[in-house]
$ cat work_28.txt   # compact mmCIF, C-alpha atoms
# COMPACT_ATOMS: atom_id res chain seq x y z
CA MET A 1 65.62 -74.38 94.62
CA VAL A 2 65.63 -77.79 92.95
CA VAL A 3 66.27 -80.71 95.23
CA LYS A 4 67.80 -83.74 93.55
CA VAL A 5 66.80 -87.06 95.03
CA LYS A 6 69.46 -89.68 94.62
CA LYS A 7 67.98 -92.94 93.42
CA ILE A 8 69.04 -95.88 95.56
CA ILE A 9 70.42 -98.67 93.40
CA PRO A 10 70.29 -102.14 94.99
CA THR A 11 73.60 -103.98 95.40
CA GLU A 12 74.41 -107.08 93.33
CA HIS A 13 73.77 -109.10 96.48
CA GLN A 14 70.29 -107.60 96.86
CA GLU A 15 69.54 -108.14 93.16
CA GLN A 16 70.58 -111.80 93.42
CA GLU A 17 68.50 -112.31 96.57
CA ALA A 18 65.48 -110.89 94.74
CA VAL A 19 65.91 -113.42 91.92
CA VAL A 20 66.20 -116.34 94.36
CA GLN A 21 63.14 -115.14 96.29
CA TRP A 22 61.18 -114.75 93.05
CA TRP A 23 62.15 -118.30 92.03
CA ALA A 24 61.08 -119.71 95.41
CA ALA A 25 57.68 -118.04 95.01
CA ASN A 26 57.15 -118.82 91.30
CA ARG A 27 59.04 -122.00 90.39
CA HIS A 28 55.82 -124.06 90.78
CA VAL A 29 54.46 -122.23 87.70
CA TYR A 30 57.18 -123.96 85.68
CA GLY A 31 56.97 -127.28 87.50
CA TYR A 32 60.50 -127.32 88.92
CA LEU A 33 61.91 -127.94 92.37
CA PRO A 34 63.37 -124.91 94.15
CA ASP A 35 66.88 -126.39 94.18
CA VAL A 36 67.37 -126.19 90.41
CA LEU A 37 68.29 -122.51 90.85
CA MET A 38 71.55 -122.34 92.78
CA ALA A 39 74.23 -119.82 93.70
CA ILE A 40 77.87 -120.21 92.76
CA PRO A 41 79.78 -118.47 95.58
CA ASN A 42 82.77 -117.27 93.59
CA GLY A 43 83.16 -113.70 94.80
CA SER A 44 85.81 -111.91 96.78
CA HIS A 45 86.95 -113.30 100.10
CA LYS A 46 88.01 -111.69 103.35
CA SER A 47 91.46 -113.26 103.56
CA MET A 48 94.14 -114.68 101.30
CA ALA A 49 94.00 -117.97 103.24
CA MET A 50 90.26 -118.29 102.61
CA ALA A 51 90.70 -117.41 98.93
CA ALA A 52 93.43 -120.08 98.63
CA LYS A 53 91.18 -122.64 100.32
CA PHE A 54 88.30 -121.87 97.95
CA LYS A 55 90.65 -122.04 94.97
CA ARG A 56 91.75 -125.55 96.04
CA GLU A 57 88.04 -126.43 96.34
CA GLY A 58 87.40 -125.34 92.74
CA LEU A 59 86.84 -121.59 92.79
CA ARG A 60 86.99 -120.31 89.22
CA PRO A 61 87.44 -116.62 88.46
CA GLY A 62 84.71 -115.42 86.12
CA ALA A 63 82.15 -118.09 86.99
CA PRO A 64 78.61 -116.65 86.93
CA ASP A 65 76.62 -116.05 90.13
CA LEU A 66 73.57 -118.26 89.52
CA PHE A 67 72.88 -121.48 87.64
CA LEU A 68 69.47 -122.75 86.58
CA ALA A 69 70.01 -126.51 86.20
CA VAL A 70 67.28 -127.08 83.64
CA GLN A 71 68.05 -128.57 80.25
CA LYS A 72 66.07 -127.01 77.42
CA TYR A 73 66.51 -128.49 73.96
CA ALA A 74 70.21 -128.26 73.05
CA LEU A 75 71.08 -126.16 76.10
CA GLY A 76 72.30 -127.76 79.33
CA GLY A 77 71.23 -124.91 81.60
CA LEU A 78 71.22 -121.16 82.19
CA PHE A 79 74.02 -119.23 83.89
CA LEU A 80 73.30 -115.71 85.19
CA GLU A 81 75.95 -113.13 86.10
CA MET A 82 74.22 -110.63 88.36
CA LYS A 83 75.01 -106.92 88.08
CA ARG A 84 73.48 -103.81 89.58
CA MET A 85 70.45 -102.34 87.84
CA ASN A 86 72.42 -99.45 86.30
CA TRP A 87 75.35 -101.64 85.14
CA LYS A 88 77.03 -101.14 81.79
CA PRO A 89 80.17 -102.91 80.52
CA PRO A 90 83.19 -101.02 81.92
CA ARG A 91 85.62 -98.92 79.89
CA ALA A 92 88.68 -100.66 78.48
CA GLY A 93 91.84 -100.25 80.51
CA THR A 94 90.12 -100.21 83.91
CA LYS A 95 90.40 -102.82 86.66
CA ALA A 96 86.65 -103.41 86.30
CA HIS A 97 87.11 -104.06 82.57
CA ALA A 98 89.77 -106.70 83.27
CA LYS A 99 87.35 -108.50 85.62
CA TYR A 100 84.57 -108.17 83.04
CA MET A 101 86.79 -109.71 80.35
CA VAL A 102 87.49 -112.72 82.61
CA GLN A 103 83.74 -113.11 83.10
CA GLN A 104 83.08 -112.66 79.37
CA SER A 105 85.66 -115.36 78.54
CA PHE A 106 84.03 -117.70 81.05
CA HIS A 107 80.65 -117.07 79.41
CA GLU A 108 82.11 -117.86 75.99
CA MET A 109 83.55 -121.13 77.32
CA LEU A 110 80.14 -122.07 78.77
CA GLN A 111 78.45 -121.27 75.48
CA THR A 112 80.82 -123.61 73.62
CA GLN A 113 79.59 -126.32 76.03
CA ASN A 114 75.92 -125.63 75.09
CA TYR A 115 74.91 -123.51 78.07
CA ARG A 116 73.27 -120.11 77.96
CA ALA A 117 75.29 -117.51 79.91
CA VAL A 118 74.17 -113.91 80.28
CA PHE A 119 74.92 -110.72 82.18
CA CYS A 120 71.83 -109.39 83.97
CA ALA A 121 71.59 -105.73 85.01
CA GLY A 122 69.19 -106.09 87.91
CA HIS A 123 66.80 -108.74 89.15
CA ASN A 124 64.14 -107.92 86.56
CA ALA A 125 66.58 -108.68 83.75
CA ALA A 126 67.47 -112.01 85.39
CA ILE A 127 63.82 -112.94 85.93
CA ASN A 128 63.08 -112.08 82.29
CA GLU A 129 66.00 -114.31 81.19
CA ILE A 130 64.69 -117.21 83.28
CA GLN A 131 61.15 -116.79 81.96
CA HIS A 132 62.35 -116.61 78.37
CA TYR A 133 64.67 -119.60 78.80
CA LEU A 134 61.93 -121.77 80.27
CA LYS A 135 59.49 -120.85 77.48
CA THR A 136 61.86 -121.88 74.68
$ encode --input "work_28.txt" --output "structure tokens"
Amino acid sequence: MVVKVKKIIPTEHQEQEAVVQWWAANRHVYGYLPDVLMAIPNGSHKSMAMAAKFKREGLRPGAPDLFLAVQKYALGGLFLEMKRMNWKPPRAGTKAHAKYMVQQSFHEMLQTQNYRAVFCAGHNAAINEIQHYLKT
């Protein structure tokens, strides 16, 4: 009998926490303060009233999860959209694809404003993006 072990995939929340914890432990290597990496709380909300409040405060659908406020050459900073480790762009015609297209459009807008904006499948991908960005 073959027993299949289901691999546990961290949630987006856990992946994002891992990036923030990595930054707190390693940002001194790059000479930056911890606060230059910040979260953009733009996710789903528990009530319509709370969602309306956040929208009045500037909530923007599609905004990435993290922002590294470090200017490098012609780029004003790095935006990271966190996804689960096994993430792949969703199939067209699905609700997930519609959300992805909003995020993709937001990334394109940021890129026209000289920011780097990327989707990161897992914390390792995000850490690699930060390391690469800071080395350029």
$ atom_distance --input "work_28.txt" --atom1 "atom CA of Tyr133 of chain A" --atom2 "atom CA of Pro41 of chain A"
22.6 Å
$ closest_residue --input "work_28.txt" --among "A:Ala63, A:Val5, A:Met48, A:Val29" --to "Val102 of chain A" --atoms "only C-alpha atoms"
A:Ala63
$ residues_near_point --input "work_28.txt" --point "(70.8, -97.0, 93.4)" --cutoff "9 Å" --atoms "only C-alpha atoms" --output "MDAnalysis selection string"
chainID A and resid 6:11 84:86
$ atom_distance --input "work_28.txt" --atom1 "atom CA of Lys72 of chain A" --atom2 "atom CA of Arg60 of chain A"
24.9 Å
$ closest_residue --input "work_28.txt" --among "A:Trp87, A:Phe67, A:Tyr115, A:Tyr73" --to "Val20 of chain A" --atoms "only C-alpha atoms"
A:Phe67
$ closest_residue --input "work_28.txt" --among "A:Ile40, A:Leu66, A:Ala74, A:Ala96" --to "Gln113 of chain A" --atoms "all atoms listed in the file"
A:Ala74
$ residues_around --input "work_28.txt" --residues "Val36 of chain A" --least-positions-apart "4" --cutoff "9 Å" --atoms "only C-alpha atoms" --output "PyMOL selection string"
chain A and resi 32+67-70
$ residues_near_point --input "work_28.txt" --point "(74.9, -117.9, 87.4)" --cutoff "10 Å" --atoms "only C-alpha atoms" --output "ChimeraX atom specification"
/A:16,37-41,63-69,77-82,107,116-120,126
$ write_last_selection --input "work_28.txt" --atoms "C-alpha atoms" --output "compact mmCIF listing (two decimals), in the coordinates of the input"
# COMPACT_ATOMS: atom_id res chain seq x y z
CA GLN A 16 70.58 -111.80 93.42
CA LEU A 37 68.29 -122.51 90.85
CA MET A 38 71.55 -122.34 92.78
CA ALA A 39 74.23 -119.82 93.70
CA ILE A 40 77.87 -120.21 92.76
CA PRO A 41 79.78 -118.47 95.58
CA ALA A 63 82.15 -118.09 86.99
CA PRO A 64 78.61 -116.65 86.93
CA ASP A 65 76.62 -116.05 90.13
CA LEU A 66 73.57 -118.26 89.52
CA PHE A 67 72.88 -121.48 87.64
CA LEU A 68 69.47 -122.75 86.58
CA ALA A 69 70.01 -126.51 86.20
CA GLY A 77 71.23 -124.91 81.60
CA LEU A 78 71.22 -121.16 82.19
CA PHE A 79 74.02 -119.23 83.89
CA LEU A 80 73.30 -115.71 85.19
CA GLU A 81 75.95 -113.13 86.10
CA MET A 82 74.22 -110.63 88.36
CA HIS A 107 80.65 -117.07 79.41
CA ARG A 116 73.27 -120.11 77.96
CA ALA A 117 75.29 -117.51 79.91
CA VAL A 118 74.17 -113.91 80.28
CA PHE A 119 74.92 -110.72 82.18
CA CYS A 120 71.83 -109.39 83.97
CA ALA A 126 67.47 -112.01 85.39
$ atom_distance --input "work_28.txt" --atom1 "atom CA of Lys53 of chain A" --atom2 "atom CA of His13 of chain A"
22.4 Å
$ axis_aligned_box --input "work_28.txt" --around "segment 16-29 of chain A" --padding-each-side "6 Å" --output "JSON"
{"center_x": 62.5, "center_y": -117.5, "center_z": 92.1, "size_x": 28.1, "size_y": 25.2, "size_z": 20.9}
$ closest_residue --input "work_28.txt" --among "A:Gly31, A:Arg56, A:Lys4, A:Pro61" --to "Tyr100 of chain A" --atoms "all atoms listed in the file"
A:Pro61
$ residues_around --input "work_28.txt" --residues "Ala24 of chain A" --least-positions-apart "5" --cutoff "9 Å" --atoms "all atoms listed in the file" --output "list in words"
Val19, Leu33, Pro34, Asp35 and Leu37 of chain A
